[in-house]
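structure.txt, holding compact mmCIF, C-alpha atoms and all ligand atoms:
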# COMPACT_ATOMS: atom_id res chain seq x y z
CA MET A 42 -9.76 12.17 -17.27
CA SER A 43 -10.42 13.87 -13.97
CA ASN A 44 -8.59 17.18 -13.66
CA LEU A 45 -8.85 17.09 -9.87
CA ARG A 46 -5.12 16.76 -9.37
CA ASN A 47 -4.90 17.94 -5.81
CA PRO A 48 -7.99 16.96 -3.85
CA GLN A 49 -8.06 18.11 -0.22
CA TYR A 50 -9.25 15.50 2.25
CA ASP A 51 -8.59 14.88 5.93
CA ALA A 52 -8.79 11.10 6.20
CA TRP A 53 -9.09 7.89 4.19
CA LEU A 54 -11.43 4.97 4.82
CA HIS A 55 -11.37 1.61 3.04
CA LEU A 56 -14.83 0.14 3.02
CA ALA A 57 -15.24 -3.59 2.63
CA THR A 58 -18.84 -3.22 1.48
CA SER A 59 -19.31 -7.00 1.83
CA TYR A 60 -17.32 -10.18 1.26
CA HIS A 61 -19.69 -11.21 -1.49
CA CYS A 62 -18.26 -11.46 -5.00
CA ASN A 63 -19.51 -12.66 -8.38
CA LEU A 64 -16.08 -14.15 -9.26
CA GLU A 65 -14.00 -16.89 -7.64
CA CYS A 66 -10.36 -16.09 -8.41
CA ASN A 67 -8.06 -18.82 -7.18
CA TYR A 68 -5.58 -16.30 -5.70
CA CYS A 69 -8.18 -14.19 -3.90
CA ILE A 70 -6.64 -12.86 -0.69
CA ALA A 71 -10.11 -12.20 0.68
CA GLY A 72 -10.61 -15.97 0.48
CA ILE A 73 -13.94 -15.29 -1.22
CA ARG A 74 -14.14 -18.63 -2.96
CA TYR A 75 -13.92 -20.40 0.37
CA VAL A 76 -15.96 -18.18 2.65
CA SER A 77 -18.72 -16.67 0.53
CA LYS A 78 -20.89 -19.72 0.77
CA ILE A 79 -20.81 -19.83 4.54
CA LEU A 80 -20.64 -16.14 5.44
CA THR A 81 -23.91 -14.31 5.43
CA LYS A 82 -23.90 -11.69 2.74
CA THR A 83 -23.95 -8.70 5.06
CA PHE A 84 -23.56 -5.39 3.28
CA LEU A 85 -22.26 -2.24 4.91
CA ASN A 86 -24.98 0.39 5.31
CA LEU A 87 -23.47 3.14 3.16
CA PHE A 88 -26.22 5.63 4.03
CA ALA A 89 -25.53 5.22 7.78
CA LEU A 90 -21.86 5.73 7.02
CA ASN A 91 -22.57 8.85 4.99
CA LYS A 92 -24.51 10.33 7.91
CA ILE A 93 -21.67 9.69 10.38
CA LEU A 94 -19.13 11.18 7.99
CA ASN A 95 -21.24 14.24 7.26
CA ASP A 96 -21.72 14.82 11.00
CA SER A 97 -17.94 15.11 11.39
CA ASN A 98 -16.13 18.20 10.15
CA LYS A 99 -13.84 16.12 7.95
CA ILE A 100 -13.66 15.52 4.21
CA TYR A 101 -12.95 11.86 3.48
CA LYS A 102 -11.41 9.83 0.72
CA ILE A 103 -13.52 6.66 0.69
CA THR A 104 -12.28 3.56 -1.12
CA LEU A 105 -15.04 1.08 -1.86
CA THR A 106 -13.75 -2.46 -1.97
CA GLY A 107 -14.86 -5.92 -0.85
CA GLY A 108 -15.64 -8.53 -2.15
CA GLU A 109 -17.10 -6.70 -5.10
CA PRO A 110 -18.36 -3.21 -4.17
CA PHE A 111 -20.62 -2.79 -7.21
CA LEU A 112 -22.79 -5.62 -5.87
CA ALA A 113 -23.80 -3.53 -2.85
CA PRO A 114 -27.50 -2.67 -2.91
CA ASN A 115 -28.23 0.92 -4.00
CA ILE A 116 -24.54 1.46 -4.74
CA VAL A 117 -25.18 4.23 -7.26
CA GLU A 118 -27.56 6.13 -4.94
CA ALA A 119 -25.03 5.74 -2.12
CA CYS A 120 -22.25 7.12 -4.34
CA ILE A 121 -24.41 10.10 -5.28
CA GLU A 122 -24.81 10.88 -1.56
CA LEU A 123 -21.16 10.21 -0.62
CA THR A 124 -19.80 12.37 -3.43
CA LYS A 125 -21.81 15.43 -2.39
CA LYS A 126 -19.15 16.12 0.24
CA HIS A 127 -16.45 13.45 -0.04
CA PHE A 128 -14.25 11.79 -2.65
CA ILE A 129 -14.52 8.13 -3.57
CA SER A 130 -12.40 5.51 -5.30
CA PHE A 131 -13.01 1.87 -6.21
CA ASN A 132 -11.27 -1.49 -6.21
CA THR A 133 -13.58 -3.47 -8.46
CA ASN A 134 -13.67 -6.29 -10.97
CA LEU A 135 -15.84 -3.97 -13.11
CA THR A 136 -18.29 -6.66 -14.21
CA PRO A 137 -21.55 -6.06 -12.23
CA LYS A 138 -24.40 -4.44 -14.14
CA SER A 139 -24.46 -1.39 -11.84
CA VAL A 140 -21.12 -0.18 -13.30
CA LYS A 141 -22.92 1.24 -16.34
CA GLU A 142 -25.40 3.23 -14.28
CA PHE A 143 -22.55 4.45 -12.07
CA ALA A 144 -20.57 5.67 -15.09
CA GLU A 145 -23.59 7.54 -16.40
CA LYS A 146 -24.71 9.18 -13.14
CA ILE A 147 -21.61 9.93 -11.05
CA ASP A 148 -19.41 12.98 -11.55
CA PRO A 149 -15.89 11.77 -12.51
CA GLU A 150 -14.45 14.80 -10.72
CA ARG A 151 -15.45 13.27 -7.37
CA VAL A 152 -13.95 9.84 -8.17
CA LEU A 153 -10.22 9.85 -7.50
CA CYS A 154 -9.48 6.49 -9.10
CA ILE A 155 -11.10 3.28 -10.28
CA ASP A 156 -8.69 0.37 -9.92
CA ALA A 157 -10.32 -2.11 -12.27
CA ALA A 158 -8.90 -5.49 -11.30
CA CYS A 159 -8.77 -7.57 -14.44
CA HIS A 160 -8.90 -11.23 -13.41
CA ILE A 161 -8.29 -12.51 -16.92
CA LYS A 162 -8.61 -16.27 -16.47
CA GLU A 163 -11.71 -15.93 -14.33
CA LEU A 164 -13.26 -13.44 -16.78
CA GLU A 165 -12.57 -15.83 -19.66
CA ARG A 166 -13.98 -18.77 -17.71
CA ARG A 167 -17.20 -16.84 -17.04
CA ASN A 168 -17.42 -15.21 -20.43
CA LEU A 169 -17.16 -11.76 -18.89
CA LEU A 170 -14.07 -10.40 -20.63
CA SER A 171 -16.06 -8.36 -23.17
CA ARG A 172 -18.21 -6.88 -20.41
CA TYR A 173 -15.05 -5.85 -18.53
CA ILE A 174 -13.64 -4.19 -21.66
CA ASP A 175 -16.94 -2.43 -22.49
CA ASN A 176 -17.29 -1.10 -18.94
CA PHE A 177 -13.65 -0.03 -18.88
CA LEU A 178 -13.99 1.95 -22.11
CA LEU A 179 -17.28 3.46 -20.97
CA CYS A 180 -15.66 4.75 -17.75
CA LYS A 181 -12.57 5.92 -19.60
CA ASN A 182 -14.60 7.79 -22.20
CA ARG A 183 -16.74 9.40 -19.49
CA GLY A 184 -13.54 10.87 -18.00
CA PHE A 185 -12.93 8.60 -15.01
CA ASN A 186 -9.36 8.02 -13.88
CA ILE A 187 -9.36 4.26 -14.42
CA ARG A 188 -6.56 1.66 -14.45
CA ALA A 189 -6.62 -1.97 -15.59
CA ILE A 190 -4.63 -4.07 -13.15
CA GLU A 191 -4.06 -7.82 -13.15
CA VAL A 192 -2.63 -9.62 -10.12
CA GLY A 193 0.96 -10.69 -10.73
CA TYR A 194 0.21 -14.34 -9.93
CA PRO A 195 3.34 -16.17 -11.17
CA PRO A 196 1.68 -18.40 -13.80
CA LEU A 197 -0.15 -15.36 -15.21
CA LEU A 198 3.08 -13.45 -15.63
CA GLU A 199 4.29 -16.15 -18.03
CA GLU A 200 1.58 -14.96 -20.44
CA SER A 201 1.85 -11.24 -19.71
CA ASP A 202 3.08 -10.28 -23.23
CA LYS A 203 0.07 -11.92 -24.83
CA TYR A 204 -2.47 -10.22 -22.58
CA ILE A 205 -0.80 -6.81 -22.61
CA LYS A 206 -1.03 -6.95 -26.44
CA ILE A 207 -4.68 -8.06 -26.45
CA PHE A 208 -5.67 -5.21 -24.14
CA LEU A 209 -3.57 -2.65 -25.97
CA GLU A 210 -5.49 -3.49 -29.14
CA GLN A 211 -8.63 -2.46 -27.24
CA GLY A 212 -7.01 0.82 -26.12
CA ILE A 213 -6.35 -0.40 -22.57
CA ASP A 214 -2.96 -0.32 -20.79
CA LEU A 215 -2.83 -3.48 -18.70
CA THR A 216 -0.46 -3.44 -15.73
CA TYR A 217 0.37 -6.03 -13.08
CA SER A 218 0.40 -5.60 -9.30
CA PRO A 219 2.28 -7.74 -6.75
CA TYR A 220 0.74 -11.01 -5.61
CA PHE A 221 0.79 -11.78 -1.89
CA GLY A 222 0.76 -15.44 -1.04
CA SER A 223 2.52 -18.65 -1.92
CA TYR A 224 2.98 -20.47 -5.18
CA LYS A 225 4.83 -23.76 -5.63
CA GLY A 226 6.32 -23.49 -2.15
CA LYS A 227 7.69 -19.95 -2.63
CA SER A 228 6.31 -16.91 -0.94
CA TYR A 229 5.50 -13.76 -2.90
CA PRO A 230 6.23 -10.92 -3.48
CA ASP A 231 9.68 -11.75 -2.03
CA SER A 232 10.33 -14.57 -4.54
CA TYR A 233 9.81 -12.64 -7.77
CA SER A 234 12.65 -13.01 -10.27
CA GLU A 235 14.23 -9.95 -11.90
CA LYS A 236 12.28 -10.73 -15.08
CA GLU A 237 8.98 -10.88 -13.19
CA LEU A 238 9.76 -7.68 -11.30
CA LYS A 239 10.34 -5.94 -14.61
CA ILE A 240 6.81 -6.86 -15.71
CA LEU A 241 5.49 -5.42 -12.45
CA GLY A 242 7.59 -2.27 -12.92
CA LEU A 243 9.18 -2.80 -9.50
CA THR A 244 12.63 -3.44 -8.06
CA LYS A 245 13.67 -5.66 -5.14
CA LYS A 246 14.22 -2.44 -3.19
CA ASP A 247 10.61 -1.33 -3.84
CA ILE A 248 9.36 -4.65 -2.47
CA ILE A 249 11.44 -4.23 0.69
CA ASP A 250 10.71 -0.52 1.16
CA TRP A 251 6.98 -0.79 0.55
CA PHE A 252 5.91 -4.10 1.99
CA HIS A 253 8.44 -4.88 4.73
CA GLN A 254 7.21 -2.43 7.32
CA TYR A 255 8.17 -3.92 10.68
CA GLY A 256 8.99 -1.16 13.17
CA LYS A 257 8.25 1.67 10.75
CA LEU A 258 5.83 4.48 11.55
CA CYS A 259 2.36 4.20 10.02
CA ASN A 260 -0.72 6.42 10.09
CA ALA A 261 -3.12 3.43 10.30
CA GLY A 262 -5.75 4.39 12.88
CA TYR A 263 -4.64 8.04 12.92
CA ASN A 264 -6.10 9.35 9.68
CA VAL A 265 -6.74 6.12 7.75
CA GLY A 266 -8.71 3.02 8.60
CA ILE A 267 -10.76 0.16 7.26
CA ILE A 268 -14.43 -0.61 7.80
CA HIS A 269 -15.82 -4.14 7.80
CA PRO A 270 -19.24 -4.99 6.37
CA ASN A 271 -20.69 -5.02 9.90
CA GLY A 272 -19.62 -1.39 10.35
CA ASP A 273 -16.63 -1.99 12.68
CA THR A 274 -13.70 0.32 12.04
CA ARG A 275 -10.12 -1.02 12.37
CA TYR A 276 -6.62 0.42 12.01
CA CYS A 277 -5.78 -1.59 8.90
CA VAL A 278 -6.32 -4.99 7.34
CA LEU A 279 -3.81 -6.59 9.72
CA ILE A 280 -4.26 -4.62 12.94
CA ASN A 281 -7.60 -5.62 14.33
CA GLU A 282 -7.96 -2.80 16.86
CA SER A 283 -11.23 -0.91 16.76
CA PHE A 284 -11.77 2.85 16.79
CA GLY A 285 -15.53 2.91 16.42
CA ASN A 286 -18.23 1.89 14.01
CA VAL A 287 -20.44 3.52 11.43
CA TYR A 288 -23.56 3.41 13.60
CA GLU A 289 -22.23 5.06 16.75
CA GLY A 290 -19.27 7.09 15.54
CA ILE A 291 -15.65 6.94 14.46
CA LYS A 292 -12.91 8.41 16.62
CA PHE A 293 -9.40 8.28 15.21
CA LYS A 294 -6.40 7.77 17.51
CA ASP A 295 -4.16 10.69 18.41
CA LYS A 296 -0.83 9.03 17.61
CA LEU A 297 0.85 6.94 14.95
CA VAL A 298 1.65 3.23 15.23
CA ARG A 299 4.86 1.30 14.71
CA CYS A 300 4.07 -1.53 12.35
CA PRO A 301 4.21 -4.90 14.15
CA PHE A 302 4.15 -6.98 10.96
CA LYS A 303 6.97 -8.31 8.82
CA LEU A 304 4.94 -8.14 5.62
CA CYS A 305 2.10 -5.75 4.80
CA ASN A 306 0.14 -5.99 1.56
CA CYS A 307 -1.55 -2.61 1.95
CA PRO A 308 0.88 -0.13 3.55
CA MET A 309 -1.21 2.96 4.28
CA ASN A 310 1.91 5.09 4.79
CA ILE A 311 3.04 4.31 1.22
CA TYR A 312 -0.27 4.23 -0.62
CA ASP A 313 -1.29 7.69 0.52
CA PRO A 314 1.90 9.70 1.09
CA TYR A 315 -0.13 12.91 1.40
CA LEU A 316 -1.94 11.67 4.52
CA PHE A 317 1.21 10.12 5.96
CA ARG A 318 3.10 13.39 5.60
CA LYS A 319 0.15 15.22 7.15
CA ALA A 320 0.20 12.81 10.12
CA MET A 321 3.95 13.21 10.51
CA SER A 322 3.68 16.99 10.52
CA GLU A 323 0.86 16.88 13.10
CA VAL A 324 2.13 14.30 15.62
CA GLY A 325 5.33 12.77 14.24
CA SER A 326 6.88 9.79 16.00
CA TYR A 327 6.15 11.04 19.53
CA ASP A 328 4.74 8.24 21.73
CA ALA A 329 3.97 6.05 18.69
CA GLU A 330 1.98 2.98 19.64
CA TRP A 331 3.33 -0.58 19.55
CA ILE A 332 0.45 -2.98 19.06
CA GLN A 333 0.11 -6.20 21.05
CA PRO A 334 2.01 -9.36 20.04
CA SER A 335 0.45 -11.34 17.22
CA LYS A 336 -1.00 -14.18 19.24
CA TYR A 337 -3.08 -11.67 21.21
CA ARG A 338 -4.26 -10.04 18.00
CA ILE A 339 -5.14 -13.34 16.37
CA SER A 340 -7.11 -14.43 19.40
CA GLN A 341 -8.93 -11.07 19.40
CA PHE A 342 -9.72 -11.53 15.75
CA VAL A 343 -11.05 -15.04 16.29
CA LYS A 344 -13.06 -13.81 19.26
CA ASN A 345 -14.60 -10.87 17.39
CA PHE A 346 -15.12 -12.70 14.15
CA ILE A 347 -16.62 -15.96 15.34
CA PHE A 348 -17.69 -15.85 18.92
CA ASP A 349 -18.81 -12.38 19.91
CA GLY A 350 -22.44 -12.15 18.81
CA LYS A 351 -22.65 -8.42 19.50
CA GLN A 352 -19.91 -7.47 17.07
CA ASN A 353 -20.00 -9.84 14.20
CA TYR A 354 -22.25 -10.26 11.25
CA LEU A 355 -22.68 -14.00 11.21
CA THR A 356 -25.97 -15.70 11.83
CA ASP A 357 -26.01 -18.26 14.64
CA ASN A 358 -26.11 -21.11 12.16
CA THR A 359 -23.15 -19.74 10.22
CA ARG A 360 -21.18 -19.19 13.40
CA LYS A 361 -21.94 -22.74 14.47
CA LEU A 362 -20.78 -24.04 11.09
CA ILE A 363 -17.49 -22.15 11.30
CA ILE A 364 -16.86 -23.30 14.87
CA GLU A 365 -17.45 -26.89 13.76
CA LYS A 366 -15.01 -26.43 10.86
CA VAL A 367 -12.36 -24.86 13.11
CA MET A 368 -12.76 -27.52 15.79
CA SER A 369 -12.47 -30.33 13.25
CA ASN A 370 -9.02 -29.05 12.21
CA LYS A 371 -6.28 -30.46 14.46
CA PHE A 372 -3.95 -27.46 14.16
CA LEU A 373 -6.61 -24.81 14.72
CA ARG A 374 -8.09 -26.75 17.63
CA LYS A 375 -4.69 -26.93 19.27
CA TYR A 376 -4.16 -23.19 18.70
CA LEU A 377 -7.51 -22.29 20.24
CA PHE A 378 -6.93 -24.37 23.33
CA LYS A 379 -3.40 -23.05 23.76
CA TYR A 380 -3.97 -19.34 23.27
CA TRP A 381 -7.58 -18.52 23.67
CA ILE A 382 -9.78 -20.87 25.62
S1 LIG B 401 -12.74 -10.35 -8.00
FE1 LIG B 401 -11.47 -9.79 -6.24
S2 LIG B 401 -12.76 -10.20 -4.44
FE2 LIG B 401 -13.69 -11.27 -6.20
S3 LIG B 401 -12.84 -13.35 -6.09
FE3 LIG B 401 -11.53 -12.15 -7.49
S4 LIG B 401 -9.87 -11.39 -6.19
FE4 LIG B 401 -11.53 -12.05 -4.82
S1 LIG B 402 0.26 -3.59 8.59
FE1 LIG B 402 0.50 -2.07 6.96
S2 LIG B 402 -1.15 -0.59 7.23
FE2 LIG B 402 -0.97 -1.82 9.14
S3 LIG B 402 0.43 -0.63 10.45
FE3 LIG B 402 1.70 -2.04 9.27
S4 LIG B 402 2.32 -0.84 7.45
FE4 LIG B 402 0.59 0.20 8.36

Whole structure given in structure tokens:
Amino acid sequence: MSNLRNPQYDAWLHLATSYHCNLECNYCIAGIRYVSKILTKTFLNLFALNKILNDSNKIYKITLTGGEPFLAPNIVEACIELTKKHFISFNTNLTPKSVKEFAEKIDPERVLCIDAACHIKELERRNLLSRYIDNFLLCKNRGFNIRAIEVGYPPLLEESDKYIKIFLEQGIDLTYSPYFGSYKGKSYPDSYSEKELKILGLTKKDIIDWFHQYGKLCNAGYNVGIIHPNGDTRYCVLINESFGNVYEGIKFKDKLVRCPFKLCNCPMNIYDPYLFRKAMSEVGSYDAEWIQPSKYRISQFVKNFIFDGKQNYLTDNTRKLIIEKVMSNKFLRKYLFKYWI
């Protein structure tokens, strides 16, 4: 276990290394199972990122996510470079072959956390459960701070006792995290029963305090941000405002935002209280930014993602395919004509 209890860093970046994944979970919020076949498999250039970060005078916490980050080319070499100055963490399904090399070559002291998402049904379907367990135990025994986390998808929670026991027999504490999305006409995490919340180790109040963020202050864009596979840097998963890219430079904003969303599945202000407190002590609520109404943001997202050839990472053929798909859908076509075109 890492004994680095109090790492000092100035900012936190979530890297979506690509949207490519070797699994196809049916609750995937990244929509991997639907988009991976039509999106080009662009991977973030981690070496270009490392150069930009090293040129700044900041120490970063860098969370590698995706898609599946261990599928990124040269991932181990990139981690060796990144960890010379910065700290890293992972959101991974822990099944790619590069996990073993990573565990053997990277210093656990520079890895704050490995969140090993354990997609049980998908692992069973693909015969990968034993590889997950082997990789988990390898990382654990090498001293990495690693957690096994299954998504609290309602039908999976019905079998939670069984799976918690199976993993415990292997020396692994399996926990469940909230699912965001709908199931049988109910929307989650708001619809969890008391029994289900107990499995997640949460209360109704936690769900409201953590994920219902509308109007609250957030440090997204101030000292945390996300980076897409094409290198664009955004405030957070939901706020699609740019503050640079990994090829030309990253310039954080000088004020906090007030969250414009009713539900947030990745509240930066909660998930890294250290950086939020730091932001509050530096700038506080003064002049906090209200982001544009949602229809503007959605149209910007559509514009950046599909139509703007300079910014996106789609080939012309892929872009054409997506446009055809969007235009063949009555609702989306109506939306585009109403708000964007
Ligand atoms: S492992 Fe993660 S990214 Fe891959 S399909 Fe499953 S939920 Fe999506
Ligand atoms: S959506 Fe989440 S991360 Fe983005 S500003 Fe709101 S609380 Fe912060």

A:Tyr217, A:Tyr224, A:Tyr233, A:Phe293 ranked by distance to Ala261 of chain A, top pick (using all atoms listed in the file):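 Of A:Tyr217, A:Tyr224, A:Tyr233, A:Phe293, the one nearest Ala261 of chain A is A:Phe293, counting all atoms listed in the file.
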
Residues contacting ligand LIG 402 (chain B) - anything with an atom at most 9 Å away, using only C-alpha atoms and all ligand atoms - can you give me those as number ranges by chain? A: 251-262, 265-266, 276-280, 297-311, 332

Spatial sel., origin (-23.6, 16.6, 2.3), limit 9 Å, all atoms listed in the file, listed as a ChimeraX atom specification: /A:91-92,95,122-127

Taking only C-alpha atoms and all ligand atoms and a cut-off of 6 Å, can you tell me which residues surround ligand LIG 401 (chain B), written as a PyMOL selection string? chain A and resi 62+64-66+69+71+73+107-109+134

Interatomic distance, atom CA of Ile248 of chain A to atom CA of Phe317 of chain A (Å, one decimal):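 About the pair atom CA of Ile248 of chain A and atom CA of Phe317 of chain A: they are 18.9 Å apart.
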
Padding 3 Å on each side, edges along x, y and z: where is the centre of the box around the listed atoms of segment 241-255 of chain A, and how long are its edges in Å to one decimal? Output it as JSON.
{"center_x": 9.9, "center_y": -3.1, "center_z": -1.1, "size_x": 14.7, "size_y": 11.1, "size_z": 29.6}

Judged by all atoms listed in the file, the minimum distance to Val287 of chain A among A:Ser218, A:Ala329, A:Asn63, A:Asp96 is found for A:Asp96

Write out as number ranges by chain which residues come within 10 Å of segment 83-88 of chain A when counting all atoms listed in the file, dropping same-chain ones fewer than 6 positions away. A: 56-61, 94, 107, 110, 112-116, 118-120, 122-123, 268-273, 287-288, 354-356

Would you mind reading off the distance between atom CA of Asp156 of chain A and atom CA of Ile187 of chain A, one decimal, in Å? 6.0 Å

Rounded to one decimal, what separation in Å do you get between atom CA of Arg183 of chain A and atom CA of Leu215 of chain A?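 For atom CA of Arg183 of chain A relative to atom CA of Leu215 of chain A, the distance reads 19.0 Å.
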
Given the point (-0.6, -10.9, -10.3) in the file's coordinates, find the residues that have an atom at most 7 Å from it, counting all atoms listed in the file, and give them as a list in words. Glu191, Val192, Gly193, Tyr194, Pro195, Leu197, Leu198, Tyr217, Ser218, Pro219 and Tyr220 of chain A

From A:Arg318, A:Ile240, A:Leu178, A:Ile267, residue lying nearest Ile205 of chain A [only C-alpha atoms]: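 Ranking A:Arg318, A:Ile240, A:Leu178, A:Ile267 by distance to Ile205 of chain A, first place goes to A:Ile240.
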